[in-house]
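One structure is given below, encoded as structure tokens.
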Amino acid sequence: MEDKIPPALVREIQERLDRKLREKEIEVIEYWQGQIAKILAMKPEGIGPLQLQVKKIHDMMSTRIQVLKREGR
């Protein structure tokens, strides 16, 4: 005979997982929002410095995506 996980336990685990995912998503968004806030606070003299900062954030995001993809294997 097969043991089944009680539906109440499945719901509780799903709720915990959903809550944790939301918390992590908030952390990620807050981090990148902070990075963009730094750019917004800049008083660049021309477009060049602004483009460099945007490229820096873009590269940081690309690096993070690569790390996460490697870890997910």
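Residues are named by chain letter and number: chains run A, B, ... in the order of the structure tokens, numbers start at 1 in each chain, and ligands are numbered from 1 in the order shown.
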TODO: Would you please extract all alpha helix (DSSP H) residues from chain A, as assigned by DSSP on the backbone, and give them as a VMD selection string?
DONE: chain A and resid 7 to 41 47 to 71
Can you tell me, as a PDB file with N, CA and C atoms, in the first residue's frame, what residues are no more than 12 Å from Gln35 in chain A when counting only C-alpha atoms, ignoring any on the same chain fewer than 2 positions away?
ATOM      1  N   VAL A  28      15.503  40.601  -4.683  1.00  0.00           N
ATOM      2  CA  VAL A  28      16.152  40.805  -5.981  1.00  0.00           C
ATOM      3  C   VAL A  28      15.735  42.147  -6.577  1.00  0.00           C
ATOM      4  N   ILE A  29      14.454  42.424  -6.567  1.00  0.00           N
ATOM      5  CA  ILE A  29      13.966  43.678  -7.143  1.00  0.00           C
ATOM      6  C   ILE A  29      14.510  44.875  -6.364  1.00  0.00           C
ATOM      7  N   GLU A  30      14.556  44.771  -5.041  1.00  0.00           N
ATOM      8  CA  GLU A  30      15.098  45.869  -4.237  1.00  0.00           C
ATOM      9  C   GLU A  30      16.576  46.114  -4.549  1.00  0.00           C
ATOM     10  N   TYR A  31      17.328  45.042  -4.759  1.00  0.00           N
ATOM     11  CA  TYR A  31      18.750  45.191  -5.086  1.00  0.00           C
ATOM     12  C   TYR A  31      18.911  45.961  -6.396  1.00  0.00           C
ATOM     13  N   TRP A  32      18.218  45.515  -7.448  1.00  0.00           N
ATOM     14  CA  TRP A  32      18.367  46.167  -8.755  1.00  0.00           C
ATOM     15  C   TRP A  32      17.763  47.559  -8.749  1.00  0.00           C
ATOM     16  N   GLN A  33      16.728  47.767  -7.954  1.00  0.00           N
ATOM     17  CA  GLN A  33      16.166  49.101  -7.823  1.00  0.00           C
ATOM     18  C   GLN A  33      17.207  50.037  -7.206  1.00  0.00           C
ATOM     19  N   ALA A  37      18.745  53.365  -8.775  1.00  0.00           N
ATOM     20  CA  ALA A  37      18.666  54.609  -8.000  1.00  0.00           C
ATOM     21  C   ALA A  37      20.014  55.329  -8.014  1.00  0.00           C
ATOM     22  N   LYS A  38      21.107  54.568  -7.990  1.00  0.00           N
ATOM     23  CA  LYS A  38      22.445  55.180  -8.060  1.00  0.00           C
ATOM     24  C   LYS A  38      22.618  55.933  -9.375  1.00  0.00           C
ATOM     25  N   ILE A  39      22.131  55.352 -10.446  1.00  0.00           N
ATOM     26  CA  ILE A  39      22.219  56.017 -11.754  1.00  0.00           C
ATOM     27  C   ILE A  39      21.357  57.274 -11.761  1.00  0.00           C
ATOM     28  N   LEU A  40      20.159  57.157 -11.213  1.00  0.00           N
ATOM     29  CA  LEU A  40      19.263  58.310 -11.187  1.00  0.00           C
ATOM     30  C   LEU A  40      19.840  59.459 -10.361  1.00  0.00           C
ATOM     31  N   ALA A  41      20.636  59.135  -9.349  1.00  0.00           N
ATOM     32  CA  ALA A  41      21.222  60.157  -8.492  1.00  0.00           C
ATOM     33  C   ALA A  41      22.430  60.834  -9.141  1.00  0.00           C
ATOM     34  N   MET A  42      22.950  60.216 -10.192  1.00  0.00           N
ATOM     35  CA  MET A  42      24.120  60.780 -10.875  1.00  0.00           C
ATOM     36  C   MET A  42      23.761  62.105 -11.543  1.00  0.00           C
ATOM     37  N   GLN A  53      27.424  53.452 -16.809  1.00  0.00           N
ATOM     38  CA  GLN A  53      26.752  52.911 -15.621  1.00  0.00           C
ATOM     39  C   GLN A  53      25.671  51.909 -16.001  1.00  0.00           C
ATOM     40  N   VAL A  54      24.918  52.206 -17.049  1.00  0.00           N
ATOM     41  CA  VAL A  54      23.882  51.272 -17.500  1.00  0.00           C
ATOM     42  C   VAL A  54      24.534  49.981 -17.987  1.00  0.00           C
ATOM     43  N   LYS A  55      25.644  50.093 -18.707  1.00  0.00           N
ATOM     44  CA  LYS A  55      26.361  48.906 -19.179  1.00  0.00           C
ATOM     45  C   LYS A  55      26.882  48.088 -18.003  1.00  0.00           C
ATOM     46  N   LYS A  56      27.364  48.768 -16.973  1.00  0.00           N
ATOM     47  CA  LYS A  56      27.861  48.078 -15.773  1.00  0.00           C
ATOM     48  C   LYS A  56      26.738  47.244 -15.142  1.00  0.00           C
ATOM     49  N   ILE A  57      25.556  47.818 -15.001  1.00  0.00           N
ATOM     50  CA  ILE A  57      24.430  47.086 -14.421  1.00  0.00           C
ATOM     51  C   ILE A  57      24.021  45.930 -15.338  1.00  0.00           C
ATOM     52  N   HIS A  58      24.004  46.180 -16.625  1.00  0.00           N
ATOM     53  CA  HIS A  58      23.684  45.127 -17.595  1.00  0.00           C
ATOM     54  C   HIS A  58      24.665  43.965 -17.455  1.00  0.00           C
ATOM     55  N   MET A  60      26.476  43.194 -14.826  1.00  0.00           N
ATOM     56  CA  MET A  60      26.255  42.544 -13.527  1.00  0.00           C
ATOM     57  C   MET A  60      25.098  41.550 -13.633  1.00  0.00           C
ATOM     58  N   MET A  61      24.028  41.954 -14.308  1.00  0.00           N
ATOM     59  CA  MET A  61      22.868  41.076 -14.472  1.00  0.00           C
ATOM     60  C   MET A  61      23.242  39.855 -15.313  1.00  0.00           C
TER      61      MET A  61
END
